[in-house]
>>> print(open('target.cif').read())   # mmCIF, C-alpha atoms and all ligand atoms
data_protein
#
loop_
_atom_site.label_atom_id
_atom_site.label_comp_id
_atom_site.auth_asym_id
_atom_site.auth_seq_id
_atom_site.Cartn_x
_atom_site.Cartn_y
_atom_site.Cartn_z
CA MET A 93 12.99 46.33 13.90
CA ALA A 94 9.87 44.61 15.24
CA GLU A 95 8.27 48.00 15.87
CA ILE A 96 8.47 48.89 12.18
CA ALA A 97 7.77 45.44 10.74
CA ALA A 98 4.28 46.40 9.53
CA ILE A 99 5.17 49.79 8.08
CA GLY A 100 5.30 49.90 4.29
CA ALA A 101 4.79 46.14 3.81
CA ASP A 102 4.00 45.69 0.10
CA ARG A 103 1.18 43.19 -0.33
CA THR A 104 1.44 43.17 -4.12
CA ARG A 105 5.18 42.81 -4.60
CA GLY A 106 6.13 41.29 -1.26
CA GLY A 107 8.72 42.82 1.03
CA TYR A 108 8.66 46.55 1.68
CA SER A 109 8.05 49.60 -0.48
CA ARG A 110 9.03 52.64 1.53
CA HIS A 111 9.71 55.68 -0.64
CA VAL A 112 10.73 59.17 0.36
CA PHE A 113 7.82 61.27 1.63
CA ASP A 114 5.22 58.57 0.95
CA PRO A 115 2.90 57.60 3.85
CA ALA A 116 5.06 54.62 4.89
CA GLU A 117 8.28 56.60 4.93
CA ARG A 118 6.64 59.41 6.86
CA GLU A 119 5.42 56.89 9.41
CA LEU A 120 9.00 55.60 9.72
CA ARG A 121 10.18 59.17 10.33
CA GLU A 122 7.66 59.44 13.15
CA TRP A 123 8.87 56.14 14.57
CA PHE A 124 12.47 57.40 14.41
CA THR A 125 11.55 60.63 16.20
CA THR A 126 9.56 58.88 18.92
CA SER A 127 12.25 56.21 19.44
CA ALA A 128 15.05 58.77 19.62
CA GLU A 129 13.15 60.99 22.03
CA ARG A 130 12.30 57.98 24.18
CA ILE A 131 16.02 57.42 24.78
CA GLY A 132 16.60 61.10 25.53
CA LEU A 133 17.91 62.39 22.17
CA ASP A 134 16.96 65.73 20.60
CA VAL A 135 15.53 65.39 17.12
CA ASP A 136 16.13 67.89 14.38
CA VAL A 137 15.29 67.77 10.65
CA ASP A 138 17.74 69.46 8.28
CA ARG A 139 16.96 71.55 5.18
CA ASN A 140 17.31 68.51 2.88
CA GLY A 141 14.92 66.13 4.59
CA ASN A 142 17.49 64.18 6.64
CA ILE A 143 16.60 63.54 10.31
CA TRP A 144 19.13 63.84 13.13
CA ALA A 145 18.89 62.71 16.76
CA TRP A 146 21.47 64.30 19.05
CA TRP A 147 23.13 63.11 22.20
CA GLY A 148 24.82 66.31 23.32
CA ALA A 149 24.54 69.69 21.65
CA PRO A 150 24.69 69.76 17.83
CA ALA A 151 28.32 70.79 17.40
CA ASP A 152 31.13 70.64 14.86
CA GLY A 153 33.08 67.39 14.70
CA ALA A 154 30.42 65.08 16.16
CA VAL A 155 30.50 61.31 15.80
CA VAL A 156 27.61 60.46 13.48
CA THR A 157 26.08 57.08 12.77
CA GLY A 158 22.97 55.98 10.91
CA SER A 159 21.68 54.94 7.52
CA HIS A 160 18.34 55.30 5.72
CA LEU A 161 14.69 54.30 6.18
CA ASP A 162 13.55 54.12 2.55
CA SER A 163 13.68 50.93 0.47
CA VAL A 164 13.77 49.77 -3.12
CA PRO A 165 10.35 48.66 -4.47
CA GLY A 166 9.60 45.32 -2.79
CA GLY A 167 12.84 45.42 -0.83
CA GLY A 168 13.98 43.65 2.31
CA ALA A 169 13.44 44.68 5.92
CA PHE A 170 17.09 45.32 6.74
CA ASP A 171 18.66 47.46 3.98
CA GLY A 172 18.67 50.84 5.67
CA PRO A 173 16.56 50.40 8.81
CA LEU A 174 19.07 47.99 10.39
CA GLY A 175 21.68 50.76 10.43
CA VAL A 176 19.23 53.23 11.97
CA ALA A 177 17.82 50.82 14.55
CA SER A 178 21.32 49.58 15.48
CA ALA A 179 22.49 53.17 15.94
CA LEU A 180 19.59 53.90 18.30
CA ALA A 181 20.24 50.63 20.18
CA ALA A 182 23.97 51.36 20.51
CA VAL A 183 23.31 54.88 21.81
CA ARG A 184 20.69 53.60 24.25
CA ARG A 185 23.18 51.07 25.55
CA LEU A 186 25.97 53.62 26.02
CA ARG A 187 23.62 56.01 27.81
CA GLY A 188 22.40 53.17 30.04
CA GLU A 189 26.00 52.34 30.95
CA GLY A 190 26.61 55.93 32.05
CA CYS A 191 29.10 56.55 29.24
CA GLN A 192 29.99 60.25 29.00
CA PRO A 193 31.25 60.94 25.48
CA ARG A 194 33.48 63.96 25.07
CA LYS A 195 32.16 64.58 21.54
CA SER A 196 28.48 64.86 20.67
CA ILE A 197 26.98 61.79 19.03
CA ALA A 198 24.21 61.91 16.43
CA VAL A 199 22.04 59.29 14.78
CA VAL A 200 20.97 60.20 11.25
CA ALA A 201 18.42 58.86 8.78
CA PHE A 202 19.22 60.12 5.27
CA ALA A 203 16.40 60.74 2.78
CA GLU A 204 15.88 58.79 -0.49
CA GLU A 205 19.03 56.65 -0.27
CA GLU A 206 17.75 54.13 -2.81
CA GLY A 207 16.50 56.65 -5.32
CA GLY A 208 13.46 54.35 -5.38
CA ARG A 209 11.07 57.21 -6.02
CA PHE A 210 13.02 59.97 -7.79
CA GLY A 211 15.74 57.92 -9.48
CA VAL A 212 18.91 59.43 -8.00
CA PRO A 213 20.33 57.44 -5.06
CA CYS A 214 21.57 59.11 -1.87
CA LEU A 215 19.59 62.24 -2.66
CA GLY A 216 19.59 63.51 0.95
CA SER A 217 23.34 63.14 1.44
CA ARG A 218 24.10 64.41 -2.09
CA LEU A 219 22.05 67.55 -1.44
CA LEU A 220 23.66 68.08 1.97
CA THR A 221 27.20 67.79 0.57
CA GLY A 222 26.45 69.68 -2.64
CA ALA A 223 27.03 66.60 -4.82
CA ILE A 224 23.76 67.40 -6.62
CA SER A 225 22.37 70.87 -7.25
CA PRO A 226 19.01 71.70 -5.70
CA GLU A 227 17.84 72.85 -9.16
CA ARG A 228 18.34 69.35 -10.55
CA ALA A 229 17.04 67.54 -7.45
CA LEU A 230 13.85 69.58 -7.21
CA THR A 231 12.85 68.84 -10.80
CA LEU A 232 13.34 65.05 -10.52
CA THR A 233 10.00 63.40 -11.19
CA ASP A 234 8.51 60.14 -9.94
CA THR A 235 6.46 57.73 -12.08
CA ASP A 236 3.24 59.58 -11.18
CA GLY A 237 4.65 62.86 -12.46
CA THR A 238 5.15 64.36 -8.99
CA THR A 239 8.33 66.42 -8.71
CA PHE A 240 10.67 66.15 -5.74
CA ALA A 241 9.83 69.81 -5.04
CA ASP A 242 6.09 69.02 -4.85
CA ALA A 243 6.61 65.90 -2.71
CA ALA A 244 8.88 67.84 -0.35
CA THR A 245 6.42 70.71 -0.08
CA LYS A 246 3.60 68.29 0.70
CA ALA A 247 5.79 66.75 3.42
CA GLY A 248 6.22 70.18 5.00
CA PHE A 249 9.63 71.17 3.59
CA ASP A 250 10.57 74.44 1.92
CA PRO A 251 12.11 73.57 -1.47
CA GLY A 252 13.74 76.99 -1.53
CA ARG A 253 15.99 75.85 1.33
CA PHE A 254 17.24 72.62 -0.26
CA GLY A 255 20.93 72.50 -1.17
CA LYS A 256 24.44 72.34 0.23
CA ASP A 257 24.31 72.57 4.01
CA ASP A 258 27.73 73.57 5.35
CA VAL A 259 26.46 73.77 8.91
CA ALA A 260 25.19 70.18 8.88
CA LEU A 261 28.31 68.98 7.07
CA SER A 262 30.73 70.61 9.51
CA ARG A 263 28.94 68.91 12.38
CA ILE A 264 29.98 65.51 11.01
CA GLY A 265 33.46 64.79 12.37
CA THR A 266 33.30 61.07 11.69
CA PHE A 267 30.60 59.01 10.00
CA VAL A 268 30.06 55.30 10.61
CA GLU A 269 27.26 53.46 8.77
CA LEU A 270 26.20 49.98 9.81
CA HIS A 271 24.47 48.03 7.06
CA VAL A 272 23.20 44.54 6.39
CA GLU A 273 25.62 42.72 4.09
CA GLN A 274 24.20 42.49 0.60
CA GLY A 275 26.11 39.51 -0.75
CA ARG A 276 27.79 36.32 0.39
CA GLY A 277 30.93 37.97 1.77
CA LEU A 278 30.26 37.26 5.43
CA ILE A 279 28.83 33.79 4.83
CA ASP A 280 32.08 32.90 3.10
CA ALA A 281 34.19 34.59 5.78
CA GLY A 282 32.26 32.84 8.60
CA SER A 283 31.97 36.05 10.60
CA PRO A 284 28.96 38.00 11.91
CA ILE A 285 30.48 41.38 11.09
CA ALA A 286 32.96 43.01 8.75
CA VAL A 287 34.55 46.39 8.26
CA GLY A 288 34.09 48.00 4.83
CA THR A 289 37.00 48.86 2.55
CA GLY A 290 35.19 50.83 -0.13
CA ILE A 291 32.43 50.97 -2.72
CA ASP A 292 32.62 50.07 -6.40
CA PRO A 293 31.93 52.83 -8.91
CA HIS A 294 28.39 52.63 -10.25
CA GLY A 295 25.80 54.55 -12.19
CA ARG A 296 22.33 54.61 -13.69
CA TRP A 297 21.41 55.34 -17.29
CA ARG A 298 17.98 55.79 -18.84
CA LEU A 299 17.53 54.56 -22.41
CA SER A 300 14.39 55.86 -24.05
CA PHE A 301 13.48 53.98 -27.23
CA THR A 302 10.87 55.59 -29.47
CA GLY A 303 9.10 53.91 -32.38
CA ARG A 304 5.55 53.86 -33.67
CA GLY A 305 2.62 52.62 -31.63
CA ASP A 306 0.20 50.38 -33.51
CA HIS A 307 -2.25 47.48 -33.35
CA ALA A 308 -0.85 44.07 -32.33
CA GLY A 309 -3.24 42.26 -34.67
CA THR A 310 -3.23 44.37 -37.82
CA ALA A 311 0.27 45.80 -38.21
CA ALA A 312 2.47 43.49 -40.32
CA VAL A 313 5.80 42.72 -38.65
CA ALA A 314 7.57 44.09 -41.74
CA ASP A 315 5.89 47.46 -41.17
CA ARG A 316 6.64 47.78 -37.48
CA ASN A 317 8.94 50.14 -35.65
CA ASP A 318 8.57 48.38 -32.31
CA PRO A 319 10.80 49.90 -29.61
CA MET A 320 10.42 46.75 -27.50
CA ILE A 321 12.73 44.92 -29.92
CA PRO A 322 15.82 47.12 -29.41
CA ALA A 323 14.96 47.32 -25.70
CA ALA A 324 15.01 43.50 -25.49
CA ARG A 325 18.29 43.36 -27.40
CA THR A 326 19.72 45.91 -24.97
CA VAL A 327 18.86 43.65 -22.02
CA LEU A 328 20.84 40.86 -23.69
CA ALA A 329 23.71 43.26 -24.46
CA ALA A 330 23.85 44.13 -20.76
CA ARG A 331 24.20 40.46 -19.86
CA ALA A 332 26.87 40.01 -22.53
CA ALA A 333 28.88 42.99 -21.20
CA ALA A 334 28.88 41.62 -17.64
CA GLY A 335 31.32 39.12 -16.18
CA HIS A 336 30.28 36.09 -14.17
CA GLY A 337 32.04 36.46 -10.79
CA PRO A 338 30.78 38.60 -7.90
CA ARG A 339 33.56 41.16 -8.39
CA ASP A 340 33.36 41.20 -12.19
CA THR A 341 31.56 43.86 -14.18
CA ARG A 342 27.84 43.95 -13.44
CA ALA A 343 25.16 45.31 -15.78
CA THR A 344 21.47 45.07 -14.93
CA VAL A 345 18.14 46.13 -16.37
CA GLY A 346 15.69 46.05 -13.45
CA LYS A 347 13.12 48.47 -14.75
CA LEU A 348 11.52 48.67 -18.17
CA VAL A 349 8.35 50.61 -18.95
CA PRO A 350 6.50 50.23 -22.25
CA VAL A 351 4.26 53.18 -23.12
CA PRO A 352 1.31 53.02 -23.23
CA GLY A 353 1.62 49.42 -21.97
CA GLY A 354 -1.21 47.28 -23.35
CA THR A 355 -1.14 43.58 -24.18
CA ASN A 356 -2.54 44.19 -27.67
CA VAL A 357 -0.61 47.40 -28.27
CA ILE A 358 2.76 47.80 -30.00
CA PRO A 359 4.41 50.34 -27.71
CA ALA A 360 5.24 53.80 -29.00
CA ARG A 361 8.03 54.13 -26.47
CA VAL A 362 9.98 51.92 -24.10
CA ASP A 363 11.99 53.39 -21.25
CA LEU A 364 14.64 51.16 -19.78
CA TRP A 365 17.03 51.76 -16.90
CA LEU A 366 20.54 50.33 -16.89
CA ASP A 367 22.53 49.92 -13.67
CA SER A 368 26.23 49.25 -14.22
CA ARG A 369 29.03 48.66 -11.72
CA ALA A 370 32.57 47.30 -11.69
CA THR A 371 35.63 47.46 -9.48
CA ALA A 372 37.06 50.30 -11.61
CA THR A 373 35.57 53.31 -13.36
CA GLU A 374 37.06 52.36 -16.75
CA ALA A 375 35.46 48.89 -16.72
CA THR A 376 32.10 50.36 -15.70
CA ARG A 377 32.25 52.97 -18.46
CA GLU A 378 33.42 50.40 -21.05
CA ALA A 379 30.43 48.18 -20.29
CA VAL A 380 28.04 51.12 -20.61
CA THR A 381 29.61 52.11 -23.94
CA ALA A 382 29.27 48.56 -25.27
CA ILE A 383 25.64 48.37 -24.15
CA THR A 384 24.61 51.79 -25.46
CA ASP A 385 26.37 51.09 -28.79
CA ALA A 386 24.36 47.86 -29.03
CA ALA A 387 21.18 49.77 -28.14
CA ARG A 388 21.78 52.33 -30.91
CA ALA A 389 22.48 49.62 -33.50
CA ALA A 390 19.38 47.68 -32.43
CA ALA A 391 17.23 50.83 -32.55
CA ASN A 392 18.54 51.57 -36.03
CA ASP A 393 17.73 48.02 -37.24
CA GLU A 394 14.13 48.47 -36.13
CA GLY A 395 13.70 52.00 -37.48
CA CYS A 396 13.50 53.34 -33.95
CA HIS A 397 15.37 56.06 -32.08
CA VAL A 398 17.12 55.83 -28.72
CA GLU A 399 18.09 58.59 -26.33
CA VAL A 400 20.59 57.83 -23.56
CA THR A 401 20.70 59.88 -20.34
CA GLU A 402 23.09 59.39 -17.45
CA GLU A 403 20.87 59.79 -14.39
CA SER A 404 23.48 59.28 -11.70
CA TRP A 405 27.13 58.46 -11.25
CA SER A 406 28.95 57.43 -8.08
CA GLY A 407 32.72 57.24 -8.40
CA PRO A 408 34.87 54.64 -6.60
CA VAL A 409 35.16 55.08 -2.83
CA SER A 410 37.94 54.00 -0.47
CA PHE A 411 37.02 54.50 3.14
CA ASP A 412 39.46 56.34 5.42
CA ALA A 413 42.34 53.90 6.01
CA ARG A 414 43.19 55.14 9.51
CA LEU A 415 39.60 54.94 10.72
CA ARG A 416 39.19 51.52 9.10
CA ASP A 417 42.32 50.21 10.82
CA ARG A 418 41.20 51.69 14.13
CA LEU A 419 37.83 49.93 13.85
CA ARG A 420 39.51 46.64 13.02
CA THR A 421 41.78 46.88 16.03
CA MET A 422 39.00 47.77 18.46
CA LEU A 423 36.75 44.99 17.09
CA ASN A 424 39.34 42.17 17.22
CA GLU A 425 40.17 42.08 13.52
CA PRO A 426 36.91 41.26 11.76
CA PRO A 427 37.22 40.59 8.01
CA LEU A 428 37.45 43.45 5.54
CA LEU A 429 34.85 43.62 2.81
CA PRO A 430 34.51 45.62 -0.41
CA THR A 431 31.00 46.16 -1.76
CA GLY A 432 29.14 46.70 -4.98
CA ALA A 433 26.28 48.43 -3.15
CA GLY A 434 26.03 52.20 -2.84
CA HIS A 435 25.57 53.98 0.49
CA ASP A 436 25.33 57.48 1.95
CA ALA A 437 28.70 56.62 3.54
CA GLY A 438 30.11 56.70 0.00
CA VAL A 439 28.88 60.26 -0.52
CA LEU A 440 30.17 61.43 2.87
CA ALA A 441 33.56 59.75 2.39
CA ALA A 442 34.56 62.57 0.03
CA HIS A 443 34.23 65.03 2.94
CA VAL A 444 34.86 63.36 6.31
CA PRO A 445 36.55 60.22 7.69
CA THR A 446 33.97 57.53 7.03
CA ALA A 447 33.68 53.83 7.85
CA MET A 448 31.18 51.02 7.38
CA LEU A 449 30.27 47.96 9.39
CA TYR A 450 28.43 45.06 7.75
CA VAL A 451 26.22 42.49 9.45
CA ARG A 452 26.06 38.98 7.97
CA ASN A 453 23.12 38.19 5.70
CA PRO A 454 22.60 34.39 5.77
CA THR A 455 20.75 34.33 2.45
CA GLY A 456 23.38 36.43 0.67
CA ILE A 457 20.41 38.10 -1.10
CA SER A 458 19.43 41.77 -0.87
CA HIS A 459 17.03 44.22 -2.54
CA SER A 460 14.56 41.37 -2.13
CA PRO A 461 12.24 40.11 0.60
CA ALA A 462 14.75 37.24 1.02
CA GLU A 463 17.29 39.61 2.60
CA HIS A 464 17.85 38.57 6.22
CA ALA A 465 19.96 38.96 9.35
CA GLU A 466 19.81 36.71 12.42
CA ASP A 467 19.12 38.28 15.83
CA ASP A 468 22.51 37.17 17.18
CA ASP A 469 24.32 38.81 14.28
CA CYS A 470 22.29 42.01 14.67
CA GLU A 471 23.29 41.97 18.34
CA ALA A 472 26.94 41.57 17.32
CA GLY A 473 26.47 44.58 15.04
CA VAL A 474 25.10 46.69 17.91
CA ASP A 475 27.98 45.53 20.17
CA ALA A 476 30.49 46.57 17.51
CA LEU A 477 28.82 49.89 16.79
CA ALA A 478 28.55 50.74 20.51
CA GLU A 479 32.25 49.99 20.92
CA VAL A 480 33.13 52.18 17.94
CA LEU A 481 30.99 55.09 19.19
CA ARG A 482 32.48 54.80 22.67
CA GLU A 483 36.07 54.88 21.37
CA VAL A 484 35.67 57.45 18.64
CA SER A 485 33.73 59.91 20.83
CA LEU A 486 36.44 59.95 23.54
C1 LIG B 501 21.72 50.89 -3.15
O1 LIG B 501 21.47 50.04 -2.34
C2 LIG B 501 22.38 50.51 -4.35
O2 LIG B 501 23.58 50.27 -4.30
O3 LIG B 501 21.72 50.39 -5.36
MN MN B 502 19.84 49.27 -1.01
MN MN B 503 21.11 50.65 2.03
MN MN B 504 22.44 51.33 -0.62
#
>>> encode(input="target.cif", output="structure tokens")
Amino acid sequence: MAEIAAIGADRTRGGYSRHVFDPAERELREWFTTSAERIGLDVDVDRNGNIWAWWGAPADGAVVTGSHLDSVPGGGAFDGPLGVASALAAVRRLRGEGCQPRKSIAVVAFAEEEGGRFGVPCLGSRLLTGAISPERALTLTDTDGTTFADAATKAGFDPGRFGKDDVALSRIGTFVELHVEQGRGLIDAGSPIAVGTGIDPHGRWRLSFTGRGDHAGTAAVADRNDPMIPAARTVLAARAAAGHGPRDTRATVGKLVPVPGGTNVIPARVDLWLDSRATATEATREAVTAITDAARAAANDEGCHVEVTEESWSGPVSFDARLRDRLRTMLNEPPLLPTGAGHDAGVLAAHVPTAMLYVRNPTGISHSPAEHAEDDDCEAGVDALAEVLREVSL
């Protein structure tokens, strides 16, 4: 983690901004390759931009561990890289101890887990498993107007080869992702690590409000069709649709872009992104319906128009019960934890036995520079992951 501490540090926003195929993320890929080769692993990049480091020949049914290297804008140091660095550390330890796994072991770094650049989370694992079509993925566009196809080409990939990768998928016999905890679960449980139970259903919706751009000083309020007004009312509707407890319905607007975006300009358009999650699909969908109904009514009141697009959906995930119980037994019964955060493990869980390990975050804050993990807890995470790899690869 110290080796990558300077890569992608965001001086404007604080924290880290590491987005798929940008210079920082490409530097992290180089770090991953060098680090994996240094401990004797063979590195291979798949057709969808995910990087693999193999201990043993790439073969069907391998034990795979890893996470992602990209971040949200201005994110913390641990979300993603901790799972990759811990995987490399666990493998290095097992190799140093002379462990001879019967199954091959691989460390993976999945591409664009956060969807921080192209909007759809877990893009690398979704492409690999066929959960998103290459046609849709390749036309996703970042805020600069660059398509995923163009960014991938520039990074040396062949967009024509993106898509479901049955060879890569069949090589994953078991997947275990270690991740920094993203809430207060482990503070409250008083434990350095936990085993995951599942992931709440969640999705992302874009609401595009259109009105009429005009002059902030000369257009009478009575004459305005200002899309910022229904956008603002939608933010409040999202808060109203959410509950107050950590496991209640969540609804968040974290990104809002007025176009053209001038202090003295009434915007012609406002794009707003809604993130909604709950413990059940129905509750998530009900919140989104309430919020989009409020958005349409507010747009109508202001003489504006709103278009709603579902950009991504991740259904509820329960991790493999047998694997989960096995992990708990081998790790001396750490607490079990559900999560409201999405992970590549959630995408893979539909295809292979999948588990997650969480490492305590003493701030309880994530997707922020305040995200943290103490060295001792990271060490406990590596101990646990090494134990899991040793047992599961027998
Ligand atoms: C990813 O971290 C997400 O759940 O948004
Ligand atoms: Mn994240
Ligand atoms: Mn993550
Ligand atoms: Mn995540």
>>> closest_atom_pairs(input="target.cif", of="chain A", to="ligand LIG 501 (chain B)", cutoff="7 Å", atoms="only C-alpha atoms and all ligand atoms", output="Markdown table")
| residue | atom | partner | partner_atom | distance |
| --- | --- | --- | --- | --- |
| A:Glu205 | CA | B:LIG501 | C1 | 7.0 |
| A:Glu206 | CA | B:LIG501 | C1 | 5.1 |
| A:Pro213 | CA | B:LIG501 | C1 | 7.0 |
| A:Gly432 | CA | B:LIG501 | O2 | 6.6 |
| A:Ala433 | CA | B:LIG501 | O2 | 3.5 |
| A:Gly434 | CA | B:LIG501 | O2 | 3.4 |
| A:His435 | CA | B:LIG501 | C1 | 6.1 |
>>> closest_residue(input="target.cif", among="A:Leu449, A:Ala329, A:Leu486, A:Cys214", to="Ala389 of chain A", atoms="only C-alpha atoms")
A:Ala329
>>> residues_around(input="target.cif", residues="segment 418-420 of chain A", least_positions_apart="2", cutoff="12 Å", atoms="all atoms listed in the file", output="PyMOL selection string")
chain A and resi 268+285-289+411-416+422-429+445-449+476-484
>>> residues_near_ligand(input="target.cif", ligand="ligand MN 502 (chain B)", cutoff="10 Å", atoms="only C-alpha atoms and all ligand atoms", output="PyMOL selection string")
chain A and resi 160+162-164+167-168+170-172+205-208+213+271-272+274+433-435+458-460
>>> write_last_selection(input="target.cif", atoms="C-alpha atoms", output="PDB file, keeping the file's coordinate frame")
ATOM      1  CA  HIS A 160      18.340  55.300   5.720  1.00  0.00           C
ATOM      2  CA  ASP A 162      13.550  54.120   2.550  1.00  0.00           C
ATOM      3  CA  SER A 163      13.680  50.930   0.470  1.00  0.00           C
ATOM      4  CA  VAL A 164      13.770  49.770  -3.120  1.00  0.00           C
ATOM      5  CA  GLY A 167      12.840  45.420  -0.830  1.00  0.00           C
ATOM      6  CA  GLY A 168      13.980  43.650   2.310  1.00  0.00           C
ATOM      7  CA  PHE A 170      17.090  45.320   6.740  1.00  0.00           C
ATOM      8  CA  ASP A 171      18.660  47.460   3.980  1.00  0.00           C
ATOM      9  CA  GLY A 172      18.670  50.840   5.670  1.00  0.00           C
ATOM     10  CA  GLU A 205      19.030  56.650  -0.270  1.00  0.00           C
ATOM     11  CA  GLU A 206      17.750  54.130  -2.810  1.00  0.00           C
ATOM     12  CA  GLY A 207      16.500  56.650  -5.320  1.00  0.00           C
ATOM     13  CA  GLY A 208      13.460  54.350  -5.380  1.00  0.00           C
ATOM     14  CA  PRO A 213      20.330  57.440  -5.060  1.00  0.00           C
ATOM     15  CA  HIS A 271      24.470  48.030   7.060  1.00  0.00           C
ATOM     16  CA  VAL A 272      23.200  44.540   6.390  1.00  0.00           C
ATOM     17  CA  GLN A 274      24.200  42.490   0.600  1.00  0.00           C
ATOM     18  CA  ALA A 433      26.280  48.430  -3.150  1.00  0.00           C
ATOM     19  CA  GLY A 434      26.030  52.200  -2.840  1.00  0.00           C
ATOM     20  CA  HIS A 435      25.570  53.980   0.490  1.00  0.00           C
ATOM     21  CA  SER A 458      19.430  41.770  -0.870  1.00  0.00           C
ATOM     22  CA  HIS A 459      17.030  44.220  -2.540  1.00  0.00           C
ATOM     23  CA  SER A 460      14.560  41.370  -2.130  1.00  0.00           C
TER      24      SER A 460
END
>>> residues_around(input="target.cif", residues="segment 364-381 of chain A", least_positions_apart="6", cutoff="7 Å", atoms="all atoms listed in the file", output="count of residues only")
23
>>> residues_around(input="target.cif", residues="Ala94 of chain A", least_positions_apart="6", cutoff="12 Å", atoms="only C-alpha atoms", output="PyMOL selection string")
chain A and resi 123+169-170+173-174+177+467
>>> write_last_selection(input="target.cif", atoms="C-alpha atoms", output="mmCIF file, in the coordinates of the input")
data_model
loop_
_atom_site.group_PDB
_atom_site.id
_atom_site.type_symbol
_atom_site.label_atom_id
_atom_site.label_comp_id
_atom_site.auth_asym_id
_atom_site.auth_seq_id
_atom_site.Cartn_x
_atom_site.Cartn_y
_atom_site.Cartn_z
ATOM 1 C CA TRP A 123 8.870 56.140 14.570
ATOM 2 C CA ALA A 169 13.440 44.680 5.920
ATOM 3 C CA PHE A 170 17.090 45.320 6.740
ATOM 4 C CA PRO A 173 16.560 50.400 8.810
ATOM 5 C CA LEU A 174 19.070 47.990 10.390
ATOM 6 C CA ALA A 177 17.820 50.820 14.550
ATOM 7 C CA ASP A 467 19.120 38.280 15.830
#
>>> atom_distance(input="target.cif", atom1="atom CA of Ala441 of chain A", atom2="atom CA of Phe267 of chain A")
8.2 Å
>>> atom_distance(input="target.cif", atom1="atom CA of Gly106 of chain A", atom2="atom CA of Arg331 of chain A")
25.9 Å
>>> atom_distance(input="target.cif", atom1="atom CA of Asp257 of chain A", atom2="atom CA of Leu219 of chain A")
7.7 Å
>>> closest_residue(input="target.cif", among="A:Ser159, A:Thr126, A:Ser178, A:Thr421", to="ligand MN 504 (chain B)", atoms="all atoms listed in the file")
A:Ser159
>>> axis_aligned_box(input="target.cif", around="segment 337-351 of chain A", padding_each_side="5 Å", output="lines of an AutoDock Vina configuration file")
center_x = 18.9
center_y = 44.8
center_z = -15.5
size_x = 39.3
size_y = 26.7
size_z = 25.2
>>> closest_residue(input="target.cif", among="A:Leu161, A:Ile197, A:Leu220, A:Ala332", to="ligand MN 504 (chain B)", atoms="only C-alpha atoms and all ligand atoms")
A:Leu161
>>> closest_residue(input="target.cif", among="A:Leu120, A:Ala323, A:Val176, A:Ala465", to="ligand MN 503 (chain B)", atoms="only C-alpha atoms and all ligand atoms")
A:Val176
>>> closest_residue(input="target.cif", among="A:His336, A:Arg263, A:Lys256, A:Arg452", to="Asn140 of chain A", atoms="all atoms listed in the file")
A:Lys256
>>> closest_residue(input="target.cif", among="A:Val155, A:Val444, A:Phe301, A:Pro359", to="Arg388 of chain A", atoms="only C-alpha atoms")
A:Phe301
>>> residues_around(input="target.cif", residues="Leu230 of chain A", least_positions_apart="6", cutoff="12 Å", atoms="all atoms listed in the file", output="PyMOL selection string")
chain A and resi 140+210+212+215-216+219+224+238-245+249-255
>>> write_last_selection(input="target.cif", atoms="C-alpha atoms", output="compact mmCIF listing (two decimals), in the frame of the given file")
# COMPACT_ATOMS: atom_id res chain seq x y z
CA ASN A 140 17.31 68.51 2.88
CA PHE A 210 13.02 59.97 -7.79
CA VAL A 212 18.91 59.43 -8.00
CA LEU A 215 19.59 62.24 -2.66
CA GLY A 216 19.59 63.51 0.95
CA LEU A 219 22.05 67.55 -1.44
CA ILE A 224 23.76 67.40 -6.62
CA THR A 238 5.15 64.36 -8.99
CA THR A 239 8.33 66.42 -8.71
CA PHE A 240 10.67 66.15 -5.74
CA ALA A 241 9.83 69.81 -5.04
CA ASP A 242 6.09 69.02 -4.85
CA ALA A 243 6.61 65.90 -2.71
CA ALA A 244 8.88 67.84 -0.35
CA THR A 245 6.42 70.71 -0.08
CA PHE A 249 9.63 71.17 3.59
CA ASP A 250 10.57 74.44 1.92
CA PRO A 251 12.11 73.57 -1.47
CA GLY A 252 13.74 76.99 -1.53
CA ARG A 253 15.99 75.85 1.33
CA PHE A 254 17.24 72.62 -0.26
CA GLY A 255 20.93 72.50 -1.17
